[in-house]
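Asks: Quick one, protein17.json (JSON, C-alpha atoms):
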```json
[["chain", "number", "residue", "atom", "x", "y", "z"],
["A", 1394, "MET", "CA", 220.42, -7.96, 21.65],
["A", 1395, "SER", "CA", 216.83, -6.67, 21.56],
["A", 1396, "GLU", "CA", 214.14, -9.14, 20.61],
["A", 1397, "ILE", "CA", 211.69, -8.26, 17.84],
["A", 1398, "THR", "CA", 207.89, -8.41, 17.80],
["A", 1399, "PHE", "CA", 205.35, -8.07, 14.97],
["A", 1400, "LEU", "CA", 202.03, -6.42, 15.81],
["A", 1401, "TYR", "CA", 199.17, -7.67, 13.60],
["A", 1402, "VAL", "CA", 196.44, -5.00, 13.49],
["A", 1403, "THR", "CA", 193.16, -4.77, 11.59],
["A", 1404, "THR", "CA", 191.77, -1.35, 10.60],
["A", 1405, "PRO", "CA", 188.50, -0.22, 8.94],
["A", 1406, "ASN", "CA", 190.22, 0.82, 5.68],
["A", 1407, "ALA", "CA", 193.52, 1.63, 3.93],
["A", 1408, "GLU", "CA", 193.29, 5.34, 4.68],
["A", 1409, "ILE", "CA", 193.05, 4.85, 8.45],
["A", 1410, "ALA", "CA", 195.75, 2.17, 8.21],
["A", 1411, "ALA", "CA", 198.13, 4.66, 6.49],
["A", 1412, "ARG", "CA", 197.36, 7.42, 8.99],
["A", 1413, "ILE", "CA", 198.17, 5.17, 11.97],
["A", 1414, "ALA", "CA", 201.23, 3.69, 10.24],
["A", 1415, "ARG", "CA", 202.69, 7.11, 9.41],
["A", 1416, "ALA", "CA", 202.26, 8.28, 13.01],
["A", 1417, "LEU", "CA", 203.92, 5.18, 14.49],
["A", 1418, "VAL", "CA", 206.91, 5.40, 12.09],
["A", 1419, "ASP", "CA", 207.20, 9.17, 12.52],
["A", 1420, "GLU", "CA", 207.23, 8.80, 16.32],
["A", 1421, "ARG", "CA", 209.84, 5.99, 16.06],
["A", 1422, "LEU", "CA", 207.55, 3.55, 17.87],
["A", 1423, "VAL", "CA", 207.97, 1.08, 14.99],
["A", 1424, "ALA", "CA", 210.63, 0.72, 12.29],
["A", 1425, "CYS", "CA", 208.10, 0.14, 9.51],
["A", 1426, "ALA", "CA", 204.58, -1.02, 8.75],
["A", 1427, "ASN", "CA", 203.26, -3.29, 6.00],
["A", 1428, "ILE", "CA", 199.72, -2.32, 4.97],
["A", 1429, "LEU", "CA", 198.39, -5.49, 3.33],
["A", 1430, "ALA", "CA", 195.69, -5.49, 0.63],
["A", 1431, "GLU", "CA", 192.05, -5.08, 1.65],
["A", 1432, "MET", "CA", 190.51, -8.24, 3.14],
["A", 1433, "ARG", "CA", 187.10, -9.48, 4.29],
["A", 1434, "SER", "CA", 186.42, -10.26, 7.92],
["A", 1435, "VAL", "CA", 183.80, -12.71, 9.18],
["A", 1436, "TYR", "CA", 182.58, -12.17, 12.76],
["A", 1437, "ARG", "CA", 179.50, -12.40, 14.99],
["A", 1438, "TRP", "CA", 177.62, -9.14, 15.68],
["A", 1439, "GLU", "CA", 174.48, -9.02, 17.81],
["A", 1440, "GLY", "CA", 173.95, -12.76, 17.37],
["A", 1441, "LYS", "CA", 174.36, -12.78, 13.57],
["A", 1442, "VAL", "CA", 177.36, -13.80, 11.43],
["A", 1443, "GLU", "CA", 178.47, -10.71, 9.52],
["A", 1444, "ILE", "CA", 181.07, -10.12, 6.77],
["A", 1445, "GLY", "CA", 182.79, -6.78, 6.22],
["A", 1446, "THR", "CA", 185.92, -5.30, 4.70],
["A", 1447, "GLU", "CA", 189.01, -4.34, 6.71],
["A", 1448, "THR", "CA", 192.69, -3.56, 6.05],
["A", 1449, "PRO", "CA", 195.37, -5.51, 7.98],
["A", 1450, "VAL", "CA", 198.71, -3.99, 8.97],
["A", 1451, "ILE", "CA", 201.90, -5.63, 10.26],
["A", 1452, "PHE", "CA", 203.98, -3.32, 12.45],
["A", 1453, "LYS", "CA", 207.63, -4.26, 13.16],
["A", 1454, "THR", "CA", 209.22, -3.13, 16.43],
["A", 1455, "THR", "CA", 211.35, -4.28, 19.39],
["A", 1456, "THR", "CA", 209.69, -6.49, 22.00],
["A", 1457, "GLU", "CA", 210.71, -3.89, 24.58],
["A", 1458, "GLY", "CA", 208.92, -1.15, 22.62],
["A", 1459, "ALA", "CA", 205.88, -3.24, 21.64],
["A", 1460, "ALA", "CA", 203.66, -2.15, 24.57],
["A", 1461, "ALA", "CA", 204.20, 1.54, 23.81],
["A", 1462, "ALA", "CA", 203.49, 0.94, 20.10],
["A", 1463, "ARG", "CA", 200.36, -1.09, 20.97],
["A", 1464, "ASN", "CA", 199.05, 1.66, 23.27],
["A", 1465, "ARG", "CA", 199.63, 4.35, 20.62],
["A", 1466, "ILE", "CA", 197.82, 2.24, 17.98],
["A", 1467, "ILE", "CA", 194.87, 1.76, 20.35],
["A", 1468, "ALA", "CA", 194.79, 5.53, 21.01],
["A", 1469, "LEU", "CA", 194.77, 6.37, 17.28],
["A", 1470, "HIS", "CA", 192.35, 3.57, 16.24],
["A", 1471, "PRO", "CA", 188.66, 4.41, 15.72],
["A", 1472, "HIS", "CA", 187.46, 1.13, 17.33],
["A", 1473, "GLU", "CA", 187.10, 0.87, 21.09],
["A", 1474, "VAL", "CA", 188.80, -2.56, 21.31],
["A", 1475, "PRO", "CA", 190.91, -2.97, 18.15],
["A", 1476, "CYS", "CA", 192.69, -6.15, 17.10],
["A", 1477, "VAL", "CA", 196.33, -5.53, 18.10],
["A", 1478, "VAL", "CA", 197.97, -8.95, 18.42],
["A", 1479, "ALA", "CA", 201.69, -9.59, 18.98],
["A", 1480, "LEU", "CA", 203.44, -12.33, 17.02],
["A", 1481, "PRO", "CA", 206.75, -13.56, 18.47],
["A", 1482, "ILE", "CA", 209.75, -13.76, 16.14],
["A", 1483, "ASP", "CA", 212.50, -16.41, 15.98],
["A", 1484, "ARG", "CA", 215.61, -14.20, 15.97],
["A", 1485, "LYS", "CA", 218.01, -17.13, 15.29],
["A", 1486, "GLN", "CA", 216.46, -18.01, 11.90],
["A", 1487, "SER", "CA", 215.87, -14.39, 10.80],
["A", 1488, "ASN", "CA", 218.12, -11.98, 8.84],
["A", 1489, "ALA", "CA", 220.13, -10.52, 11.75],
["A", 1490, "GLY", "CA", 220.97, -7.41, 9.71],
["A", 1491, "PHE", "CA", 217.28, -6.60, 9.20],
["A", 1492, "LEU", "CA", 216.47, -7.11, 12.90],
["A", 1493, "ASP", "CA", 219.36, -4.79, 13.80],
["A", 1494, "TRP", "CA", 217.86, -2.16, 11.44],
["A", 1495, "ILE", "CA", 214.54, -2.46, 13.32],
["A", 1496, "VAL", "CA", 216.36, -1.91, 16.65],
["A", 1497, "GLN", "CA", 218.31, 1.11, 15.33],
["A", 1498, "SER", "CA", 215.14, 2.62, 13.80],
["A", 1499, "VAL", "CA", 213.26, 2.41, 17.10],
["A", 1500, "GLU", "CA", 216.00, 2.90, 19.68],
["A", 1501, "GLY", "CA", 217.85, 5.43, 17.42],
["B", 460, "MET", "CA", 209.77, -34.87, 14.24],
["B", 461, "SER", "CA", 211.16, -31.78, 12.51],
["B", 462, "GLU", "CA", 209.80, -28.45, 13.65],
["B", 463, "ILE", "CA", 208.43, -26.01, 11.05],
["B", 464, "THR", "CA", 209.22, -22.33, 10.47],
["B", 465, "PHE", "CA", 207.57, -19.68, 8.31],
["B", 466, "LEU", "CA", 209.84, -17.05, 6.76],
["B", 467, "TYR", "CA", 208.06, -13.72, 6.17],
["B", 468, "VAL", "CA", 209.85, -11.82, 3.39],
["B", 469, "THR", "CA", 209.11, -8.51, 1.65],
["B", 470, "THR", "CA", 210.17, -8.01, -1.97],
["B", 471, "PRO", "CA", 210.06, -5.01, -4.35],
["B", 472, "ASN", "CA", 207.34, -6.55, -6.57],
["B", 473, "ALA", "CA", 205.45, -9.70, -7.57],
["B", 474, "GLU", "CA", 207.86, -10.58, -10.35],
["B", 475, "ILE", "CA", 210.91, -10.65, -8.07],
["B", 476, "ALA", "CA", 208.83, -12.49, -5.45],
["B", 477, "ALA", "CA", 207.95, -15.23, -7.99],
["B", 478, "ARG", "CA", 211.56, -15.53, -9.19],
["B", 479, "ILE", "CA", 212.87, -16.06, -5.64],
["B", 480, "ALA", "CA", 209.97, -18.38, -4.73],
["B", 481, "ARG", "CA", 210.52, -20.59, -7.80],
["B", 482, "ALA", "CA", 214.24, -20.92, -7.02],
["B", 483, "LEU", "CA", 213.65, -21.84, -3.35],
["B", 484, "VAL", "CA", 211.01, -24.47, -4.23],
["B", 485, "ASP", "CA", 213.08, -25.83, -7.15],
["B", 486, "GLU", "CA", 216.14, -26.20, -4.89],
["B", 487, "ARG", "CA", 213.99, -27.90, -2.19],
["B", 488, "LEU", "CA", 214.94, -25.27, 0.37],
["B", 489, "VAL", "CA", 211.23, -24.65, 1.07],
["B", 490, "ALA", "CA", 208.12, -26.78, 0.47],
["B", 491, "CYS", "CA", 206.07, -23.90, -0.91],
["B", 492, "ALA", "CA", 205.73, -20.13, -0.94],
["B", 493, "ASN", "CA", 202.64, -17.92, -0.65],
["B", 494, "ILE", "CA", 203.05, -14.68, -2.62],
["B", 495, "LEU", "CA", 200.49, -12.36, -1.01],
["B", 496, "ALA", "CA", 198.82, -9.47, -2.86],
["B", 497, "GLU", "CA", 200.75, -6.21, -3.33],
["B", 498, "MET", "CA", 200.92, -4.07, -0.19],
["B", 499, "ARG", "CA", 202.12, -0.62, 0.84],
["B", 500, "SER", "CA", 205.04, -0.17, 3.23],
["B", 501, "VAL", "CA", 205.59, 2.84, 5.46],
["B", 502, "TYR", "CA", 209.18, 3.45, 6.60],
["B", 503, "ARG", "CA", 211.71, 6.18, 7.39],
["B", 504, "TRP", "CA", 214.26, 7.03, 4.65],
["B", 505, "GLU", "CA", 216.88, 9.77, 5.09],
["B", 506, "GLY", "CA", 214.89, 11.32, 7.91],
["B", 507, "LYS", "CA", 211.52, 11.37, 6.08],
["B", 508, "VAL", "CA", 208.52, 9.02, 6.39],
["B", 509, "GLU", "CA", 208.06, 7.34, 2.99],
["B", 510, "ILE", "CA", 205.37, 5.04, 1.56],
["B", 511, "GLY", "CA", 206.06, 2.54, -1.23],
["B", 512, "THR", "CA", 204.69, -0.66, -2.70],
["B", 513, "GLU", "CA", 206.12, -4.11, -1.93],
["B", 514, "THR", "CA", 205.06, -7.76, -2.27],
["B", 515, "PRO", "CA", 205.16, -10.02, 0.83],
["B", 516, "VAL", "CA", 205.93, -13.74, 0.64],
["B", 517, "ILE", "CA", 205.50, -16.48, 3.26],
["B", 518, "PHE", "CA", 207.97, -19.36, 2.78],
["B", 519, "LYS", "CA", 207.25, -22.68, 4.58],
["B", 520, "THR", "CA", 210.20, -24.88, 5.57],
["B", 521, "THR", "CA", 211.69, -26.94, 8.42],
["B", 522, "THR", "CA", 213.28, -25.06, 11.32],
["B", 523, "GLU", "CA", 216.45, -27.04, 10.62],
["B", 524, "GLY", "CA", 216.48, -25.86, 6.99],
["B", 525, "ALA", "CA", 215.39, -22.27, 7.72],
["B", 526, "ALA", "CA", 218.91, -20.78, 7.89],
["B", 527, "ALA", "CA", 219.87, -22.22, 4.48],
["B", 528, "ALA", "CA", 216.59, -20.94, 2.99],
["B", 529, "ARG", "CA", 217.12, -17.50, 4.59],
["B", 530, "ASN", "CA", 220.67, -17.26, 3.21],
["B", 531, "ARG", "CA", 219.53, -18.24, -0.30],
["B", 532, "ILE", "CA", 216.71, -15.63, -0.18],
["B", 533, "ILE", "CA", 219.22, -12.96, 0.91],
["B", 534, "ALA", "CA", 221.55, -13.99, -1.95],
["B", 535, "LEU", "CA", 218.75, -13.76, -4.57],
["B", 536, "HIS", "CA", 217.15, -10.57, -3.15],
["B", 537, "PRO", "CA", 217.96, -7.20, -4.79],
["B", 538, "HIS", "CA", 218.08, -5.36, -1.42],
["B", 539, "GLU", "CA", 221.25, -5.38, 0.66],
["B", 540, "VAL", "CA", 219.46, -6.09, 3.96],
["B", 541, "PRO", "CA", 216.08, -7.65, 3.06],
["B", 542, "CYS", "CA", 213.27, -8.36, 5.54],
["B", 543, "VAL", "CA", 213.55, -12.13, 6.17],
["B", 544, "VAL", "CA", 211.86, -12.79, 9.50],
["B", 545, "ALA", "CA", 211.16, -16.23, 10.99],
["B", 546, "LEU", "CA", 207.79, -16.93, 12.59],
["B", 547, "PRO", "CA", 207.69, -19.93, 14.95],
["B", 548, "ILE", "CA", 204.88, -22.47, 14.48],
["B", 549, "ASP", "CA", 202.87, -24.36, 17.12],
["B", 550, "ARG", "CA", 203.14, -27.94, 15.80],
["B", 551, "LYS", "CA", 200.64, -29.35, 18.35],
["B", 552, "GLN", "CA", 197.70, -27.23, 17.09],
["B", 553, "SER", "CA", 198.59, -27.52, 13.37],
["B", 554, "ASN", "CA", 197.50, -30.07, 10.76],
["B", 555, "ALA", "CA", 200.20, -32.75, 11.33],
["B", 556, "GLY", "CA", 199.68, -34.15, 7.83],
["B", 557, "PHE", "CA", 200.50, -30.78, 6.24],
["B", 558, "LEU", "CA", 203.62, -30.30, 8.41],
["B", 559, "ASP", "CA", 204.79, -33.81, 7.43],
["B", 560, "TRP", "CA", 204.33, -32.80, 3.74],
["B", 561, "ILE", "CA", 206.60, -29.78, 4.36],
["B", 562, "VAL", "CA", 209.27, -32.06, 5.91],
["B", 563, "GLN", "CA", 209.08, -34.59, 3.05],
["B", 564, "SER", "CA", 209.24, -31.79, 0.43],
["B", 565, "VAL", "CA", 212.39, -30.32, 1.95],
["B", 566, "GLU", "CA", 214.18, -33.39, 3.35],
["B", 567, "GLY", "CA", 213.00, -35.55, 0.38],
["C", 607, "MET", "CA", 193.46, -16.54, 31.33],
["C", 608, "SER", "CA", 193.09, -18.47, 28.06],
["C", 609, "GLU", "CA", 195.92, -18.22, 25.59],
["C", 610, "ILE", "CA", 195.15, -17.29, 21.97],
["C", 611, "THR", "CA", 196.18, -18.98, 18.73],
["C", 612, "PHE", "CA", 195.97, -17.87, 15.10],
["C", 613, "LEU", "CA", 195.33, -20.56, 12.49],
["C", 614, "TYR", "CA", 196.80, -19.69, 9.08],
["C", 615, "VAL", "CA", 194.89, -21.60, 6.39],
["C", 616, "THR", "CA", 195.11, -21.58, 2.59],
["C", 617, "THR", "CA", 191.99, -22.30, 0.51],
["C", 618, "PRO", "CA", 191.40, -22.74, -3.26],
["C", 619, "ASN", "CA", 189.43, -19.46, -3.57],
["C", 620, "ALA", "CA", 187.56, -16.68, -1.74],
["C", 621, "GLU", "CA", 184.19, -18.43, -2.00],
["C", 622, "ILE", "CA", 185.39, -21.58, -0.24],
["C", 623, "ALA", "CA", 187.27, -19.41, 2.28],
["C", 624, "ALA", "CA", 184.03, -17.52, 3.13],
["C", 625, "ARG", "CA", 182.01, -20.74, 3.42],
["C", 626, "ILE", "CA", 184.49, -22.27, 5.89],
["C", 627, "ALA", "CA", 184.88, -18.98, 7.80],
["C", 628, "ARG", "CA", 181.11, -18.54, 8.21],
["C", 629, "ALA", "CA", 180.75, -22.10, 9.54],
["C", 630, "LEU", "CA", 183.58, -21.72, 12.08],
["C", 631, "VAL", "CA", 182.24, -18.38, 13.39],
["C", 632, "ASP", "CA", 178.63, -19.62, 13.42],
["C", 633, "GLU", "CA", 179.65, -22.72, 15.40],
["C", 634, "ARG", "CA", 181.68, -20.52, 17.83],
["C", 635, "LEU", "CA", 184.86, -22.45, 17.06],
["C", 636, "VAL", "CA", 186.61, -19.16, 16.26],
["C", 637, "ALA", "CA", 185.85, -15.55, 17.20],
["C", 638, "CYS", "CA", 186.50, -14.22, 13.70],
["C", 639, "ALA", "CA", 188.30, -14.90, 10.45],
["C", 640, "ASN", "CA", 190.32, -12.59, 8.19],
["C", 641, "ILE", "CA", 190.04, -13.62, 4.53],
["C", 642, "LEU", "CA", 193.10, -12.00, 2.94],
["C", 643, "ALA", "CA", 193.25, -10.97, -0.72],
["C", 644, "GLU", "CA", 193.90, -13.64, -3.37],
["C", 645, "MET", "CA", 197.55, -14.75, -3.55],
["C", 646, "ARG", "CA", 199.75, -16.96, -5.73],
["C", 647, "SER", "CA", 201.29, -20.14, -4.38],
["C", 648, "VAL", "CA", 204.48, -21.75, -5.68],
["C", 649, "TYR", "CA", 204.88, -25.49, -4.98],
["C", 650, "ARG", "CA", 206.22, -28.73, -6.46],
["C", 651, "TRP", "CA", 203.67, -31.06, -8.10],
["C", 652, "GLU", "CA", 204.70, -34.36, -9.71],
["C", 653, "GLY", "CA", 208.31, -33.20, -9.92],
["C", 654, "LYS", "CA", 207.57, -29.80, -11.50],
["C", 655, "VAL", "CA", 207.45, -26.32, -9.90],
["C", 656, "GLU", "CA", 203.89, -25.03, -10.30],
["C", 657, "ILE", "CA", 202.21, -21.68, -9.54],
["C", 658, "GLY", "CA", 198.53, -21.34, -8.74],
["C", 659, "THR", "CA", 196.10, -18.97, -7.03],
["C", 660, "GLU", "CA", 194.82, -19.50, -3.49],
["C", 661, "THR", "CA", 193.08, -17.46, -0.77],
["C", 662, "PRO", "CA", 194.65, -17.30, 2.73],
["C", 663, "VAL", "CA", 192.58, -17.00, 5.91],
["C", 664, "ILE", "CA", 193.63, -16.16, 9.47],
["C", 665, "PHE", "CA", 191.30, -17.68, 12.09],
["C", 666, "LYS", "CA", 191.46, -16.31, 15.68],
["C", 667, "THR", "CA", 190.59, -18.63, 18.56],
["C", 668, "THR", "CA", 191.72, -19.84, 22.00],
["C", 669, "THR", "CA", 194.68, -22.21, 22.18],
["C", 670, "GLU", "CA", 192.41, -24.62, 24.06],
["C", 671, "GLY", "CA", 189.85, -24.54, 21.20],
["C", 672, "ALA", "CA", 192.41, -24.56, 18.37],
["C", 673, "ALA", "CA", 192.42, -28.35, 17.84],
["C", 674, "ALA", "CA", 188.62, -28.48, 17.48],
["C", 675, "ALA", "CA", 188.71, -25.52, 15.04],
["C", 676, "ARG", "CA", 191.55, -27.15, 13.08],
["C", 677, "ASN", "CA", 189.64, -30.44, 12.79],
["C", 678, "ARG", "CA", 186.47, -28.68, 11.63],
["C", 679, "ILE", "CA", 188.44, -26.70, 8.99],
["C", 680, "ILE", "CA", 190.02, -29.95, 7.74],
["C", 681, "ALA", "CA", 186.56, -31.57, 7.56],
["C", 682, "LEU", "CA", 185.09, -28.65, 5.56],
["C", 683, "HIS", "CA", 188.15, -28.13, 3.30],
["C", 684, "PRO", "CA", 188.14, -29.65, -0.22],
["C", 685, "HIS", "CA", 191.82, -30.65, -0.04],
["C", 686, "GLU", "CA", 192.84, -33.92, 1.59],
["C", 687, "VAL", "CA", 195.76, -32.40, 3.54],
["C", 688, "PRO", "CA", 195.08, -28.64, 3.80],
["C", 689, "CYS", "CA", 197.52, -26.06, 5.16],
["C", 690, "VAL", "CA", 196.24, -25.38, 8.70],
["C", 691, "VAL", "CA", 199.18, -23.96, 10.66],
["C", 692, "ALA", "CA", 199.01, -22.54, 14.19],
["C", 693, "LEU", "CA", 200.86, -19.33, 15.01],
["C", 694, "PRO", "CA", 201.51, -18.70, 18.71],
["C", 695, "ILE", "CA", 200.57, -15.26, 20.12],
["C", 696, "ASP", "CA", 202.43, -13.13, 22.69],
["C", 697, "ARG", "CA", 199.58, -12.27, 25.10],
["C", 698, "LYS", "CA", 201.68, -9.79, 27.13],
["C", 699, "GLN", "CA", 202.29, -7.42, 24.18],
["C", 700, "SER", "CA", 198.78, -7.75, 22.69],
["C", 701, "ASN", "CA", 195.61, -5.70, 23.33],
["C", 702, "ALA", "CA", 194.22, -7.63, 26.34],
["C", 703, "GLY", "CA", 190.69, -6.36, 25.66],
["C", 704, "PHE", "CA", 190.72, -7.87, 22.16],
["C", 705, "LEU", "CA", 192.05, -11.22, 23.41],
["C", 706, "ASP", "CA", 189.30, -11.27, 26.05],
["C", 707, "TRP", "CA", 186.73, -10.68, 23.26],
["C", 708, "ILE", "CA", 188.14, -13.74, 21.43],
["C", 709, "VAL", "CA", 187.77, -15.84, 24.61],
["C", 710, "GLN", "CA", 184.20, -14.64, 25.24],
["C", 711, "SER", "CA", 183.24, -15.26, 21.59],
["C", 712, "VAL", "CA", 184.47, -18.85, 21.69],
["C", 713, "GLU", "CA", 183.80, -19.87, 25.30],
["C", 714, "GLY", "CA", 180.52, -17.82, 25.42]]
```
Give the structure from this file in structure tokens form.
Replies:
Amino acid sequence: MSEITFLYVTTPNAEIAARIARALVDERLVACANILAEMRSVYRWEGKVEIGTETPVIFKTTTEGAAAARNRIIALHPHEVPCVVALPIDRKQSNAGFLDWIVQSVEG
Amino acid sequence: MSEITFLYVTTPNAEIAARIARALVDERLVACANILAEMRSVYRWEGKVEIGTETPVIFKTTTEGAAAARNRIIALHPHEVPCVVALPIDRKQSNAGFLDWIVQSVEG
Amino acid sequence: MSEITFLYVTTPNAEIAARIARALVDERLVACANILAEMRSVYRWEGKVEIGTETPVIFKTTTEGAAAARNRIIALHPHEVPCVVALPIDRKQSNAGFLDWIVQSVEG
């Protein structure tokens, strides 16, 4: 049974988030994407602590397909080195039916 | 020492999220639930890429109690195959006091 | 290569979240912090199920530096036993360039 991975991604805004999410779902690289509400990010830029707005997205795919999904997100993302971070899932405690739906959506 | 698991769940809206969260806390199946702000979900439905609103919830419980919590969420959820996905936690790097509070809240 | 850890933290409001986030980034204990939109938390308090607002934050740091970041968050946080929970990351499926940026930001 395929393992599942979440990809946590930050994007400049909700519009770019939706564009990337639609492409990944359309191309069956992920089963679905959750575009969370706008957030603020705190980071260091040229020696100063900055705060700016971003939109986070959680992409749901198989662990086997995660690298291809990650690479496509990087290709579509306007930043040179975007935050695309994989979160492992505990299959045993999850809703098996939902994980199977993710596998069918991606592996078709 | 009991391990801890987060359950990431998506629900149709904030009202249903709160109803399920109250039941799980009241029945001591989880210590607490974080109902995040409304989000948009992108998914494939009958061959077309759709976008709709949902409300995500993070439930915090023991790994031992996660299956019972998951099953209760599935029973209370209006969808047939809801997203209930378990995220493993790294106990060593977490605030031990908070994890102990989760265990006491659930195992009483 | 350093492993990466996310710290999921809940705070009373966005102002306190930003104050803690700025300190952690300024002191190079984390590379960056995502202050998510305000959420509602459901929990048990003195035997009753309560619902209140909170602001979640995701801090990104090295696994090696996670304990120091956790302790600093606890020291700055107004609650006695705050939710500071570590989420393990799957380096292999993540954007290696972004993880390297986290390491450089923290280990300088």
Asks: With a distance threshold of 10 Å and counting all atoms listed in the file, extract the residues of chain B near chain C and express them as an mmCIF file with C-alpha atoms, in the coordinates of the input.
Replies:
```
data_model
loop_
_atom_site.group_PDB
_atom_site.id
_atom_site.type_symbol
_atom_site.label_atom_id
_atom_site.label_comp_id
_atom_site.auth_asym_id
_atom_site.auth_seq_id
_atom_site.Cartn_x
_atom_site.Cartn_y
_atom_site.Cartn_z
ATOM 1 C CA ILE B 463 208.430 -26.010 11.050
ATOM 2 C CA THR B 464 209.220 -22.330 10.470
ATOM 3 C CA PHE B 465 207.570 -19.680 8.310
ATOM 4 C CA ALA B 473 205.450 -9.700 -7.570
ATOM 5 C CA ALA B 477 207.950 -15.230 -7.990
ATOM 6 C CA ALA B 480 209.970 -18.380 -4.730
ATOM 7 C CA ARG B 481 210.520 -20.590 -7.800
ATOM 8 C CA ALA B 482 214.240 -20.920 -7.020
ATOM 9 C CA LEU B 483 213.650 -21.840 -3.350
ATOM 10 C CA VAL B 484 211.010 -24.470 -4.230
ATOM 11 C CA ASP B 485 213.080 -25.830 -7.150
ATOM 12 C CA ARG B 487 213.990 -27.900 -2.190
ATOM 13 C CA VAL B 489 211.230 -24.650 1.070
ATOM 14 C CA ALA B 490 208.120 -26.780 0.470
ATOM 15 C CA CYS B 491 206.070 -23.900 -0.910
ATOM 16 C CA ALA B 492 205.730 -20.130 -0.940
ATOM 17 C CA ASN B 493 202.640 -17.920 -0.650
ATOM 18 C CA ILE B 494 203.050 -14.680 -2.620
ATOM 19 C CA LEU B 495 200.490 -12.360 -1.010
ATOM 20 C CA ALA B 496 198.820 -9.470 -2.860
ATOM 21 C CA GLU B 497 200.750 -6.210 -3.330
ATOM 22 C CA PRO B 515 205.160 -10.020 0.830
ATOM 23 C CA VAL B 516 205.930 -13.740 0.640
ATOM 24 C CA ILE B 517 205.500 -16.480 3.260
ATOM 25 C CA PHE B 518 207.970 -19.360 2.780
ATOM 26 C CA LEU B 546 207.790 -16.930 12.590
ATOM 27 C CA PRO B 547 207.690 -19.930 14.950
ATOM 28 C CA ILE B 548 204.880 -22.470 14.480
ATOM 29 C CA ASP B 549 202.870 -24.360 17.120
ATOM 30 C CA ARG B 550 203.140 -27.940 15.800
ATOM 31 C CA LYS B 551 200.640 -29.350 18.350
ATOM 32 C CA GLN B 552 197.700 -27.230 17.090
ATOM 33 C CA SER B 553 198.590 -27.520 13.370
ATOM 34 C CA ASN B 554 197.500 -30.070 10.760
ATOM 35 C CA ALA B 555 200.200 -32.750 11.330
ATOM 36 C CA GLY B 556 199.680 -34.150 7.830
ATOM 37 C CA PHE B 557 200.500 -30.780 6.240
ATOM 38 C CA LEU B 558 203.620 -30.300 8.410
ATOM 39 C CA ASP B 559 204.790 -33.810 7.430
ATOM 40 C CA TRP B 560 204.330 -32.800 3.740
ATOM 41 C CA ILE B 561 206.600 -29.780 4.360
ATOM 42 C CA SER B 564 209.240 -31.790 0.430
#
```
Asks: Just the residues within 10 Å of Pro1471 in chain A, please, counting all atoms listed in the file, with nothing from its chain fewer than 6 positions along; format it as a list in words.
Replies: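 Neighbouring residues, sequence-local ones excluded: Thr1404, Pro1405 and Ile1409 of chain A.
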Asks: Can you report as lines of an AutoDock Vina configuration file the centre and edge lengths in Å, to one decimal, of an axis-aligned box around the listed atoms of range 1455-1463 of chain A padded with 4 Å on each side?
Replies:
```
center_x = 205.9
center_y = -2.5
center_z = 22.0
size_x = 19.0
size_y = 16.0
size_z = 13.2
```
Asks: Separation of CA of Arg625 in chain C and CA of Trp1438 in chain A, in Å?
Replies: 17.4 Å
Asks: Grab the CA of Val709 in chain C to CA of Ser608 in chain C distance for me, in Å with one decimal place.
Replies: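 Spanning CA of Val709 in chain C to CA of Ser608 in chain C is a straight-line distance of 6.9 Å.
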Asks: Expressed in Å to a single decimal, how great is the separation between CA of Met1394 in chain A and CA of Leu488 in chain B?
Replies: 28.0 Å
